[in-house]
Structure formats: structure tokens, C-alpha cells
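File shown here: structure_14.txt, holding compact mmCIF, C-alpha atoms.
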# COMPACT_ATOMS: atom_id res chain seq x y z
CA MET A 346 -65.11 65.61 -25.09
CA SER A 347 -61.74 66.95 -24.09
CA ARG A 348 -59.96 64.92 -21.46
CA GLY A 349 -58.64 68.20 -20.13
CA SER A 350 -62.13 69.17 -19.14
CA ILE A 351 -62.23 66.50 -16.46
CA LEU A 352 -60.03 66.19 -13.41
CA LEU A 353 -59.93 62.75 -11.87
CA ILE A 354 -58.77 62.63 -8.29
CA LEU A 355 -58.19 59.75 -5.93
CA MET A 356 -59.12 60.77 -2.43
CA VAL A 357 -57.35 58.90 0.32
CA PHE A 358 -58.61 59.10 3.83
CA ALA A 359 -55.92 60.08 6.28
CA PHE A 360 -56.32 57.25 8.70
CA GLY A 361 -52.62 57.53 9.14
CA ILE A 362 -51.46 55.20 11.79
CA THR A 363 -54.90 54.33 13.03
CA GLY A 364 -56.50 53.33 9.82
CA PHE A 365 -54.96 49.96 9.32
CA GLY A 366 -57.24 47.89 7.17
CA LEU A 367 -60.42 49.85 7.52
CA ALA A 368 -61.90 48.38 4.42
CA GLN A 369 -61.55 44.88 5.71
CA ASN A 370 -64.15 43.00 7.71
CA ARG A 371 -65.27 45.48 10.28
CA PRO A 372 -68.67 44.43 11.59
CA GLY A 373 -71.40 46.65 10.31
CA SER A 374 -69.11 48.39 7.93
CA GLY A 375 -69.46 46.06 5.01
CA ARG A 376 -70.41 47.26 1.60
CA SER A 377 -74.12 47.68 2.32
CA ALA A 378 -73.55 49.57 5.56
CA SER A 379 -71.03 51.82 3.83
CA ILE A 380 -73.55 52.54 1.09
CA ASP A 381 -76.29 53.34 3.62
CA ARG A 382 -74.07 55.80 5.46
CA PHE A 383 -73.03 57.50 2.25
CA GLU A 384 -76.61 57.83 1.06
CA ALA A 385 -77.61 59.41 4.34
CA ALA A 386 -74.71 61.79 4.83
CA ALA A 387 -73.17 62.80 1.50
CA PRO A 388 -74.32 65.94 -0.35
CA ALA A 389 -77.30 65.25 -2.57
CA ILE A 390 -77.36 65.95 -6.29
CA GLY A 391 -77.32 69.72 -6.74
CA GLU A 392 -75.82 70.41 -3.33
CA PRO A 393 -72.31 71.84 -2.88
CA MET A 394 -69.38 69.83 -1.66
CA PRO A 395 -68.25 70.80 1.84
CA ASP A 396 -65.65 73.54 1.97
CA LEU A 397 -62.84 71.67 3.71
CA VAL A 398 -59.09 71.92 3.83
CA ILE A 399 -57.36 68.67 2.92
CA TYR A 400 -53.88 67.82 1.60
CA ASP A 401 -52.20 66.92 -1.66
CA ALA A 402 -49.73 64.05 -1.88
CA GLY A 403 -46.90 66.37 -0.92
CA GLY A 404 -48.62 67.44 2.29
CA LYS A 405 -49.60 70.88 1.00
CA GLU A 406 -52.96 72.20 2.13
CA VAL A 407 -55.66 72.23 -0.53
CA ARG A 408 -59.06 73.85 -0.23
CA LEU A 409 -61.49 71.31 -1.62
CA ARG A 410 -63.67 73.80 -3.45
CA ASP A 411 -60.68 75.28 -5.23
CA LEU A 412 -60.34 72.01 -7.13
CA PHE A 413 -63.63 72.35 -8.90
CA ARG A 414 -63.07 75.53 -10.84
CA ASP A 415 -63.40 75.53 -14.61
CA ARG A 416 -63.95 71.82 -15.12
CA TYR A 417 -65.81 68.76 -14.03
CA THR A 418 -64.02 66.87 -11.27
CA VAL A 419 -64.32 63.20 -10.43
CA LEU A 420 -63.57 62.37 -6.81
CA VAL A 421 -63.01 58.70 -6.05
CA LEU A 422 -62.64 57.77 -2.38
CA GLY A 423 -60.49 55.02 -0.99
CA CYS A 424 -58.47 53.79 1.93
CA LEU A 425 -54.74 53.29 1.77
CA THR A 426 -53.42 49.99 3.21
CA MET B 530 -45.36 61.15 2.97
CA HIS B 531 -47.45 57.99 3.06
CA VAL B 532 -49.64 59.06 0.15
CA ARG B 533 -46.67 60.14 -1.92
CA GLU B 534 -45.05 56.76 -1.36
CA ALA B 535 -48.24 55.01 -2.47
CA GLU B 536 -48.40 57.19 -5.56
CA ARG B 537 -44.82 56.30 -6.38
CA ARG B 538 -45.19 52.59 -5.72
CA LEU B 539 -48.40 52.22 -7.69
CA GLY B 540 -47.31 54.43 -10.54
CA SER B 541 -50.60 56.30 -10.54
CA ALA B 542 -50.89 59.25 -12.91
CA ILE B 543 -54.05 60.43 -11.16
CA PRO B 544 -53.59 63.13 -8.50
CA TRP B 545 -54.05 61.89 -4.97
CA LEU B 546 -55.46 63.88 -2.10
CA CYS B 547 -55.48 63.04 1.56
CA ASP B 548 -58.14 63.79 4.14
CA ASN B 549 -57.05 65.71 7.21
CA MET B 550 -56.33 63.90 10.45
CA ALA B 551 -59.74 64.82 11.83
CA ASN B 552 -61.28 62.84 8.96
CA ASP B 553 -63.47 65.80 8.11
CA LEU B 554 -64.20 64.75 4.55
CA LYS B 555 -64.80 61.16 5.53
CA ARG B 556 -67.27 62.33 8.15
CA ALA B 557 -68.97 64.64 5.67
CA LEU B 558 -69.45 61.71 3.30
CA GLY B 559 -70.75 59.29 5.90
CA GLY B 560 -67.56 57.29 6.18
CA ALA B 561 -67.82 56.12 2.60
CA GLN B 562 -65.15 53.60 1.69
CA ASN B 563 -65.31 53.49 -2.09
CA ALA B 564 -67.67 56.20 -3.24
CA GLU B 565 -67.30 58.47 -6.23
CA LEU B 566 -68.72 61.88 -6.99
CA VAL B 567 -68.74 64.09 -10.05
CA ILE B 568 -68.63 67.79 -9.22
CA ASP B 569 -69.36 70.54 -11.70
CA ARG B 570 -67.59 73.85 -12.26
CA GLU B 571 -69.64 75.49 -9.54
CA GLY B 572 -68.66 72.91 -6.93
CA LEU B 573 -72.07 71.24 -7.01
CA VAL B 574 -72.48 67.48 -6.94
CA VAL B 575 -73.94 66.32 -10.24
CA ARG B 576 -73.44 62.58 -9.86
CA ARG B 577 -72.91 60.53 -6.74
CA ARG B 578 -72.41 56.83 -6.30
CA ALA B 579 -71.92 55.10 -2.96
CA TRP B 580 -69.75 52.43 -4.53
CA SER B 581 -67.47 53.27 -7.43
CA ASP B 582 -68.47 51.82 -10.80
CA PRO B 583 -66.11 52.70 -13.68
CA ALA B 584 -68.59 51.74 -16.41
CA GLU B 585 -71.33 53.91 -14.98
CA LEU B 586 -68.86 56.72 -14.41
CA ARG B 587 -67.86 56.58 -18.06
CA ASP B 588 -71.52 56.89 -19.04
CA ASP B 589 -71.91 59.82 -16.66
CA LEU B 590 -68.97 61.66 -18.18
CA ALA B 591 -70.14 60.97 -21.71
CA GLU B 592 -73.48 62.48 -20.78
CA LEU B 593 -71.95 65.49 -19.09
CA VAL B 594 -69.14 66.43 -21.44
CA GLY B 595 -69.42 64.12 -24.45
CA GLU B 596 -67.89 60.92 -25.78
CA VAL B 597 -64.16 60.43 -26.41
CA ASP B 598 -62.71 58.24 -29.11
CA PRO B 599 -60.85 56.13 -28.33
CA PRO B 600 -61.72 55.92 -24.63
CA THR B 601 -58.96 55.44 -22.09
CA ARG B 602 -58.72 51.84 -20.91
CA VAL B 603 -57.40 50.68 -17.56
CA ALA B 604 -54.50 49.04 -19.39
CA ASP B 605 -53.52 52.45 -20.77
CA LEU B 606 -52.85 53.72 -17.26
CA ASP B 607 -50.00 51.24 -16.73
CA LEU B 608 -50.82 50.76 -13.06
CA LYS B 609 -48.94 48.25 -10.96
CA THR B 610 -51.67 45.95 -9.77
CA ALA B 611 -49.67 42.88 -8.72
CA PRO B 612 -48.37 42.92 -5.14
CA PRO B 613 -44.61 42.57 -4.79
CA PRO B 614 -43.38 39.05 -4.07
CA ARG B 615 -43.10 38.34 -0.35
CA THR B 616 -39.55 37.70 0.68
CA VAL B 617 -39.86 37.00 4.39
CA ALA B 618 -41.81 34.56 6.53
CA ILE B 619 -45.25 35.24 7.95
CA GLY B 620 -47.20 33.20 10.45
CA VAL B 621 -44.17 32.25 12.51
CA LEU B 622 -45.28 34.26 15.54
CA PRO B 623 -48.68 33.22 17.00
CA ARG B 624 -51.22 36.02 17.27
CA LEU B 625 -51.96 37.31 20.73
CA GLU B 626 -55.11 36.08 22.44
CA VAL B 627 -57.15 38.99 23.79
CA PRO B 628 -59.42 38.77 26.84
CA GLY B 629 -62.63 39.78 25.05
CA PRO B 630 -64.08 42.37 22.68
CA MET B 631 -61.68 45.26 22.22
CA ARG B 632 -62.22 48.84 21.15
CA ALA B 633 -59.64 50.87 19.22
CA VAL B 634 -58.59 54.06 20.98
CA LYS B 635 -57.30 57.34 19.63
CA ILE B 636 -53.60 57.59 18.87
CA GLU B 637 -51.48 60.19 17.15
CA PRO B 638 -47.79 60.59 16.33
CA PHE B 639 -45.95 62.59 18.92
CA PHE B 640 -42.65 64.41 18.60
CA ASP B 641 -40.71 65.84 21.51
CA ASN B 642 -37.60 67.97 21.77
CA GLN B 643 -35.34 64.97 21.57
CA MET B 644 -36.78 64.02 18.20
CA GLN B 645 -35.98 66.83 15.83
CA THR B 646 -36.92 67.04 12.19
CA PRO B 647 -34.92 64.14 10.77
CA GLN B 648 -36.67 61.65 13.08
CA SER B 649 -40.07 63.12 12.38
CA ARG B 650 -39.57 62.49 8.71
CA ILE B 651 -38.87 58.80 9.09
CA PRO B 652 -41.86 56.80 7.87
CA TYR B 653 -43.94 54.86 10.33
CA TYR B 654 -42.74 51.54 8.96
CA ALA B 655 -44.42 49.85 11.91
CA LYS B 656 -47.80 51.29 12.79
CA LEU B 657 -49.29 51.10 16.25
CA ARG B 658 -52.76 49.74 16.84
CA ALA B 659 -54.03 50.40 20.38
CA GLU B 660 -57.24 48.92 21.78
CA VAL B 661 -58.81 48.63 25.21
CA ASP B 662 -61.30 46.06 26.39
CA LEU B 663 -64.89 46.82 27.32
CA GLU B 664 -64.10 46.21 30.96
CA PHE B 665 -61.75 49.17 30.92
CA LEU B 666 -64.31 51.40 29.27
CA ASP B 667 -66.88 50.38 31.87
CA THR B 668 -64.80 50.42 35.02
CA GLY B 669 -61.44 52.05 34.32
CA LYS B 670 -59.68 48.79 34.92
CA GLY B 671 -58.86 46.43 32.10
CA SER B 672 -56.46 45.58 29.32
CA LEU B 673 -54.65 47.59 26.68
CA TYR B 674 -53.68 45.84 23.45
CA LEU B 675 -50.66 47.21 21.61
CA GLY B 676 -49.96 45.86 18.15
CA PHE B 677 -47.12 47.04 15.93
CA HIS B 678 -47.96 46.16 12.34
CA LEU B 679 -45.55 46.59 9.46
CA ASP B 680 -46.98 48.80 6.77
CA PRO B 681 -46.99 46.71 3.57
CA LEU B 682 -46.55 49.85 1.53
CA TYR B 683 -42.94 50.20 2.62
CA GLN B 684 -42.02 46.57 1.97
CA VAL B 685 -40.00 46.18 5.15
CA HIS B 686 -39.57 43.33 7.61
CA TRP B 687 -38.32 42.56 11.07
CA ASN B 688 -34.68 41.52 10.87
CA ASN B 689 -34.39 39.12 13.79
CA LEU B 690 -30.62 39.40 13.81
CA THR B 691 -31.06 42.92 15.15
CA PRO B 692 -32.38 43.74 18.65
CA PRO B 693 -36.13 43.11 18.84
CA LEU B 694 -38.75 45.86 19.02
CA GLU B 695 -39.19 47.39 22.43
CA PHE B 696 -41.61 49.94 23.82
CA HIS B 697 -41.96 52.07 26.93
CA ILE B 698 -45.03 53.86 28.24
CA ASP B 699 -45.07 57.10 30.24
CA ALA B 700 -48.39 57.54 31.98
CA PRO B 701 -49.82 60.31 34.16
CA GLU B 702 -50.48 59.69 37.86
CA THR B 703 -54.11 58.92 37.16
CA ILE B 704 -53.29 55.95 34.94
CA ARG B 705 -51.32 52.92 36.05
CA VAL B 706 -49.89 50.71 33.32
CA HIS B 707 -48.41 47.33 34.06
CA PRO B 708 -46.01 46.43 32.66
CA SER B 709 -45.05 49.82 31.37
CA SER B 710 -42.49 48.46 28.94
CA GLY B 711 -42.06 45.42 26.79
CA ILE B 712 -39.73 43.77 24.36
CA GLY B 713 -40.57 41.65 21.35
CA PRO B 714 -39.67 37.99 21.02
CA ALA B 715 -36.34 36.74 19.79
CA LEU B 716 -37.22 34.50 16.88
CA LYS B 717 -35.02 31.87 15.30
CA VAL B 718 -36.15 32.72 11.80
CA ALA B 719 -33.89 35.40 10.34
CA ALA B 720 -36.69 37.68 9.16
CA ASP B 721 -40.46 37.87 9.33
CA ALA B 722 -43.34 40.28 8.93
CA ASP B 723 -45.70 39.21 11.73
CA PRO B 724 -47.12 41.91 14.00
CA ARG B 725 -45.50 42.39 17.40
CA GLU B 726 -48.33 42.35 19.92
CA PHE B 727 -48.52 43.05 23.64
CA LEU B 728 -51.16 43.16 26.32
CA VAL B 729 -50.76 45.37 29.39
CA GLU B 730 -53.05 46.05 32.31
CA LEU B 731 -54.58 49.46 32.87
CA THR B 732 -56.03 51.04 36.00
CA ALA B 733 -57.28 54.57 35.52
CA THR B 734 -58.86 56.95 37.99
CA GLY B 735 -59.07 59.58 35.27
CA ARG B 736 -58.77 59.44 31.49
CA ASP B 737 -58.41 63.07 30.56
CA GLU B 738 -54.66 62.89 30.19
CA PRO B 739 -53.04 60.79 27.47
CA ILE B 740 -50.31 58.23 27.85
CA ASP B 741 -47.17 58.47 25.74
CA LEU B 742 -45.57 55.46 24.13
CA THR B 743 -42.05 55.27 22.75
CA VAL B 744 -41.17 52.41 20.42
CA ARG B 745 -37.77 51.39 19.11
CA TYR B 746 -37.18 48.92 16.33
CA PHE B 747 -35.08 48.24 13.28
CA ALA B 748 -36.75 48.72 9.92
CA CYS B 749 -35.15 46.68 7.16
CA ASP B 750 -36.40 46.77 3.61
CA ASP B 751 -37.09 43.63 1.62
CA ALA B 752 -34.73 44.71 -1.16
CA GLY B 753 -31.84 44.72 1.30
CA THR B 754 -30.92 48.34 0.74
CA PHE B 755 -31.31 49.58 4.31
CA CYS B 756 -31.72 48.44 7.89
CA VAL B 757 -32.11 51.43 10.18
CA PRO B 758 -32.88 51.95 13.87
CA VAL B 759 -36.13 53.82 14.38
CA THR B 760 -37.47 55.57 17.46
CA GLN B 761 -41.03 56.85 17.32
CA LYS B 762 -43.55 58.14 19.78
CA TYR B 763 -47.30 58.02 20.02
CA ARG B 764 -49.77 59.82 22.22
CA ILE B 765 -52.61 57.50 23.20
CA ARG B 766 -55.94 58.79 24.45
CA LEU B 767 -57.96 56.12 26.20
CA GLU B 768 -61.23 56.90 24.44
CA PRO B 769 -62.80 54.99 21.55
CA ASP B 770 -61.87 55.98 18.04
CA PRO B 771 -64.86 55.34 15.76
CA PHE B 772 -62.71 55.78 12.68
CA ALA B 773 -59.99 53.33 13.57
CA GLY B 774 -61.42 50.47 11.52
CA ARG B 775 -60.17 46.98 12.02
CA VAL B 776 -56.93 45.14 11.56
CA SER B 777 -56.50 43.15 8.39
CA GLY B 778 -56.17 39.42 8.73
CA ARG B 779 -58.29 38.93 11.82
CA GLY B 780 -61.75 37.54 11.80
CA GLY B 781 -63.82 38.27 14.88
CA MET B 782 -63.02 41.00 17.31
CA PRO B 783 -60.38 43.68 17.10
CA GLY B 784 -57.11 42.88 18.83
CA GLY B 785 -54.95 39.80 18.55
CA ARG B 786 -56.67 36.57 17.60
CA PRO B 787 -60.40 36.42 17.09
CA PHE B 788 -62.21 36.49 20.39
CA ARG B 789 -64.07 33.26 21.06
CA GLY B 790 -64.98 33.46 24.72
CA GLY B 791 -67.29 35.63 26.78
CA ASN B 792 -71.05 35.83 26.68
CA LEU B 793 -73.37 36.78 23.86
CA ALA B 794 -74.26 40.16 25.31
CA ASP B 795 -70.59 41.13 25.36
CA ARG B 796 -70.18 39.97 21.79
CA ILE B 797 -73.09 42.09 20.64
CA MET B 798 -71.83 45.13 22.51
CA GLY B 799 -68.42 44.46 20.98
CA TRP B 800 -69.82 45.75 17.70
CA ASP B 801 -70.35 49.19 19.19
CA ALA B 802 -67.73 50.78 16.96
CA ASP B 803 -67.96 54.33 18.30
CA GLY B 804 -68.13 53.27 21.93
CA ASP B 805 -71.32 55.17 22.73
CA GLY B 806 -72.85 52.20 24.51
CA ARG B 807 -75.34 51.49 21.69
CA VAL B 808 -75.03 49.22 18.68
CA VAL B 809 -76.79 50.89 15.78
CA ARG B 810 -77.79 49.14 12.58
CA GLU B 811 -74.70 50.34 10.74
CA GLU B 812 -72.49 48.74 13.38
CA PHE B 813 -74.30 45.42 13.29
CA PRO B 814 -72.71 42.71 11.09
CA ASP B 815 -74.31 42.53 7.67
CA ARG B 816 -74.51 38.74 7.78
CA MET B 817 -76.82 38.91 10.80
CA ILE B 818 -78.74 42.08 10.05
CA ASP B 819 -82.01 40.14 9.89
CA ARG B 820 -81.76 39.70 13.66
CA PHE B 821 -81.30 43.37 14.47
CA ASP B 822 -84.96 44.25 14.83
CA ARG B 823 -85.58 41.27 17.08
CA ILE B 824 -82.82 42.34 19.48
CA ASP B 825 -83.75 46.03 19.31
CA ARG B 826 -86.88 45.41 21.32
CA ASN B 827 -88.02 49.01 21.67
CA GLY B 828 -87.40 49.69 18.00
CA ASP B 829 -85.39 52.86 18.56
CA GLY B 830 -82.73 51.81 16.07
CA ALA B 831 -80.06 50.97 18.63
CA ILE B 832 -79.28 47.96 20.78
CA THR B 833 -78.38 48.71 24.38
CA LYS B 834 -76.56 46.44 26.77
CA LYS B 835 -79.87 45.68 28.46
CA GLU B 836 -81.36 44.54 25.16
CA ALA B 837 -78.24 42.52 24.35
CA LYS B 838 -78.48 40.77 27.73
CA ARG B 839 -82.13 40.07 27.13
CA GLU B 840 -81.29 38.48 23.78
CA ALA B 841 -78.57 36.38 25.40
CA LYS B 842 -81.06 35.20 28.01
CA ARG B 843 -83.62 34.40 25.33
CA MET B 844 -81.14 32.38 23.31
CA ARG B 845 -80.03 30.43 26.37
CA LYS B 846 -83.64 29.64 27.07
CA ASP B 847 -84.28 28.65 23.45
CA ARG B 848 -81.38 26.26 23.48
CA GLY B 849 -82.65 24.76 26.72
CA GLY B 850 -79.56 22.71 27.20
CA ARG B 851 -79.34 21.67 23.55
CA ARG B 852 -75.86 21.67 22.14
CA GLY B 853 -75.06 23.33 18.87
CA GLY B 854 -77.67 25.27 16.94
CA ARG B 855 -77.32 28.61 15.26
CA ARG B 856 -74.94 30.92 17.05
CA PHE B 857 -73.64 34.41 16.81
With the file now loaded, output its structure as C-alpha cells.
Amino acid sequence: MSRGSILLILMVFAFGITGFGLAQNRPGSGRSASIDRFEAAAPAIGEPMPDLVIYDAGGKEVRLRDLFRDRYTVLVLGCLT
Amino acid sequence: MHVREAERRLGSAIPWLCDNMANDLKRALGGAQNAELVIDREGLVVRRRAWSDPAELRDDLAELVGEVDPPTRVADLDLKTAPPPRTVAIGVLPRLEVPGPMRAVKIEPFFDNQMQTPQSRIPYYAKLRAEVDLEFLDTGKGSLYLGFHLDPLYQVHWNNLTPPLEFHIDAPETIRVHPSSGIGPALKVAADADPREFLVELTATGRDEPIDLTVRYFACDDAGTFCVPVTQKYRIRLEPDPFAGRVSGRGGMPGGRPFRGGNLADRIMGWDADGDGRVVREEFPDRMIDRFDRIDRNGDGAITKKEAKREAKRMRKDRGGRRGGRRF
């Protein structure tokens, strides 16, 4: 396997100034609730990712689907702070 | 700017992306906190996991594109995983007591003509958290919690030798705010990192128009390299923000110290994260999920205020004057 054939990306939700500590102890948003919501809403295996405009670390717009060309892409989601 | 700073601080060699301010990707993925997906060259999802698992991911990639030898280890990435040593006091300023369950409301940075580009590029060292109580959402009259929390990413503190944080609110005619301004405490300790919290009273005859908040403070970094005056503005819309999450370091309800008073029905309705007047299973605390079906008497998957009141009444009756027992 060539490492160049995989793009690993950390996806940070833009809670900005409102997202302080989302991943803490919010009622109903623990690990199991988060998993349930993901299972219900995220694209299933074989479905396309949504075609959204997000941002790179420098604030430049990025079309999500443009990231997936020519290689496998790993998208890991997380919350900053 | 915030993501770039995190990238720099953590030394990550992995590209970071940031969702847009409407949280479109987060919404599309069900608000997932720590999920991971593998997407193929056509943009199709080929693996999905609701909670990231590096070992399983490695197996996935080996299956999809083949093994590597030697595999990359976490240690090879040279990430900074230890938090920086804390250099200022915490816990010197008591947390604010809030009147009951609070609901985060929508806020956004706001720039006006007096704040040209240089100001707009100053980081939000202190981040505003705004919440209203359920009474306000029900009647238009209630309390607004304002908390200014230092962002740990920037490693700054309050220098108490400088003037304390102060804020001022400009409200439309339909919203009365009292007091409309406030100033933080003067502490004897030279520096600290505790949030600066305020509670003001709101009376609104209409909520369509936002209120604007201006905050002034000094941001001083822990390394002692700068201490600068900052003026920043926020536009606050008095409607629940389902994506606002909670504030780190607090147990029970959003806003100030954990809420301990009020009745059971209010506590249950306090878990209504999106403010739609119904507590759905996903909003119900995991540790008590076994009680959800009992409270949701009509079995429609959501607890209404009527059902919450009925549960409160039932529990009062069960206790029958007994003290103690299992509580919410």
C-alpha cells in the first residue's frame, strides 16, 4: 500500500464561539446518543458524501467532494476545545 | 484562525478542515462527535464508524489498499499530547448560581464600522456563552446568562492588574435588558483563568431582532509576551441553539453552577436541547435512559411538559413524604 494513496483529514466542527465544550457532559449527547444519531443520519455504505462547502485551516473554502478524487480519504470528526 | 492555531499548537501533520458556521456537515452526519469515514475515489462512503477506532481503521485500510510495512505508529507523528503547565490560578472566583435550567442561544461575532480589519483578526481569547432560562422562552420575561470563558487554546489569562472585563448591551425597543452593562470583579490575585459570568434580566415583547453585545478586556498570554486590550462584539439572537453544546467543568444544567433547585418537571424539560418543547430520547441523559419510556406515556418518542409534570406528580406520590430515595 502506498501511503500517498490515502488522505487522512481531521474534520473540526466550526462551533466557533458557541461550541465551548460540546463533547463534555451534555445530557443525552453522551457516546451512545452520539452513535445513535450518527447511525441514523450519516450516509450509509455505498452512498455519496454530501456536497458541502467547508473550510481549510487557512479559512479557504473547500468543496468536500473535491477532496475525494484519485485516492481513498479518511475523515475523522472532532470538536476543538 | 482558530483551527490554524490548534494545528500549530498540536503540531499535527494531518490536514485539518473546519465545518461552516451553519454546521452543515455536522448536521449531515447526525451531530457525530468522534466519527470516522473512509471515502473512495468516487466520493462514496466505503467504511463508516460512529466512534473512531484506530485499530479497526488500520484493518479497513489494509483491506482497501493493502498492508504497509512498517506501519505508522502514533509515536511517529510526534504529536503534543500533554497540556501546557497551568501558570495562573483557577477556582478563585465562585461560579455564578443560575435561577434554573438554561438554554444556550444563538450568537455570532459582529463587526461594525468602528472595528475595521485589524480588530476583526484578533482572536476571541475570551468566548461568550449566552443562555436564557426556560421562563424567558415561555413568557418573554426571564434571565440571560453571559459567561466569558478563556479559550484554553490561546493560553491566556485575566491579568487582574489591568481593568476588569466589561460589557455593554444594545437592545432593540422590543427587548429590555437590565442591567444593560456590567463589569467584572476586581480580584486580589494577580492573575486567574476563571470565567467572568453575569446574569441580567430580560423582558421581550418581540424576539425577531437581535441584541448586540460589546465586550472589552485585556488578554494576556501565559508566556508573558503580550497583554493587549481587546474589544469584540457579538450579535445575540434570543432563540435556542441546538448545537451550542455545554460548558466544560459544570455538572448539571448549562449556565453558572449546576442547578439544584426547581421542580422535577422543569429539570426534565431542561434537557430539551433544541428548545422545541419536547425531550426526545437523544436529549435524555444516558444514565437515566431506562426511565424514558415510563415518562413518555404515549410512546411517541418525546416527552412533553405535560408528561414531565405527570412524572413529577407520580414521584411525589411514590415518595409519600419519605425522605431520600432515588432522585433525578
Just need the residues of chain B within 6 Å of chain A, counting all atoms listed in the file, so spit them out as a PyMOL selection string.
chain B and resi 532-533+543-550+558-559+561-570+572-575+579+594-597+656+773-777+811-815
Polymer residues at most 8 Å from B:Lys762, all atoms listed in the file, same-chain spacing of 2 or more positions, as a tab-separated table (two decimals) with C-alpha atoms, in the frame of the given file:
chain	number	residue	atom	x	y	z
B	638	PRO	CA	-47.79	60.59	16.33
B	639	PHE	CA	-45.95	62.59	18.92
B	640	PHE	CA	-42.65	64.41	18.60
B	741	ASP	CA	-47.17	58.47	25.74
B	742	LEU	CA	-45.57	55.46	24.13
B	743	THR	CA	-42.05	55.27	22.75
B	744	VAL	CA	-41.17	52.41	20.42
B	760	THR	CA	-37.47	55.57	17.46
B	764	ARG	CA	-49.77	59.82	22.22
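Across the structure, atom CA of B:Arg577 and atom CA of B:Leu682 are spaced 29.6 Å apart.
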Rounded to one decimal place, report the atom CA of B:Glu730-atom CA of B:Thr691 distance in Å.
28.1 Å
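In this structure, atom CA of B:Ile824 sits 27.8 Å away from atom CA of B:Gly669.
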I want to know what sits within 8 Å of B:Leu663, based on only C-alpha atoms, with residues of the same chain fewer than 4 positions away left out; could you give that as a PyMOL selection string?
chain B and resi 629-632+667+671+799
Applying 12 Å and only C-alpha atoms, which residues near B:Glu702 remain after dropping the ones on its own chain fewer than 6 positions away? List them as a ChimeraX atom specification.
/B:732-740
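With only C-alpha atoms as the atoms that count, the residue of B:Arg650, B:Arg705, B:Lys670, B:Arg725 with the shortest distance to B:His686 is B:Arg725.
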Taking the block above, write stretch 793-840 of chain B with C-alpha atoms as a compact mmCIF listing (two decimals), in the first residue's frame.
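out-v6.txt was written with the following content:
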# COMPACT_ATOMS: atom_id res chain seq x y z
CA LEU B 793 -38.66 17.72 38.56
CA ALA B 794 -40.74 18.67 35.54
CA ASP B 795 -38.52 21.69 34.94
CA ARG B 796 -35.42 19.54 35.27
CA ILE B 797 -36.70 17.09 32.70
CA MET B 798 -37.66 19.86 30.29
CA GLY B 799 -34.22 21.35 30.89
CA TRP B 800 -32.81 18.54 28.75
CA ASP B 801 -34.70 19.81 25.72
CA ALA B 802 -31.51 20.76 23.90
CA ASP B 803 -33.10 22.19 20.75
CA GLY B 804 -35.81 24.07 22.60
CA ASP B 805 -38.70 22.57 20.66
CA GLY B 806 -40.68 21.86 23.82
CA ARG B 807 -40.08 18.09 23.63
CA VAL B 808 -37.35 15.97 25.16
CA VAL B 809 -36.51 13.21 22.71
CA ARG B 810 -34.54 10.09 23.58
CA GLU B 811 -31.30 11.56 22.26
CA GLU B 812 -31.66 14.51 24.62
CA PHE B 813 -32.36 12.37 27.65
CA PRO B 814 -29.35 11.62 29.91
CA ASP B 815 -27.80 8.25 29.15
CA ARG B 816 -27.56 7.35 32.82
CA MET B 817 -31.34 7.51 33.16
CA ILE B 818 -32.41 6.28 29.74
CA ASP B 819 -34.17 3.29 31.30
CA ARG B 820 -36.79 5.71 32.62
CA PHE B 821 -37.54 7.35 29.29
CA ASP B 822 -40.30 5.00 28.20
CA ARG B 823 -42.03 5.27 31.55
CA ILE B 824 -42.17 9.08 31.32
CA ASP B 825 -43.09 9.07 27.62
CA ARG B 826 -46.55 7.80 28.41
CA ASN B 827 -47.99 7.94 24.90
CA GLY B 828 -44.92 6.29 23.45
CA ASP B 829 -44.42 8.85 20.68
CA GLY B 830 -40.69 9.09 21.36
CA ALA B 831 -40.79 12.51 23.01
CA ILE B 832 -41.53 13.77 26.49
CA THR B 833 -43.75 16.84 26.67
CA LYS B 834 -44.08 19.20 29.59
CA LYS B 835 -47.40 17.58 30.43
CA GLU B 836 -45.75 14.17 30.63
CA ALA B 837 -42.88 15.59 32.68
CA LYS B 838 -45.36 17.11 35.13
CA ARG B 839 -47.20 13.83 35.35
CA GLU B 840 -43.94 12.05 36.19
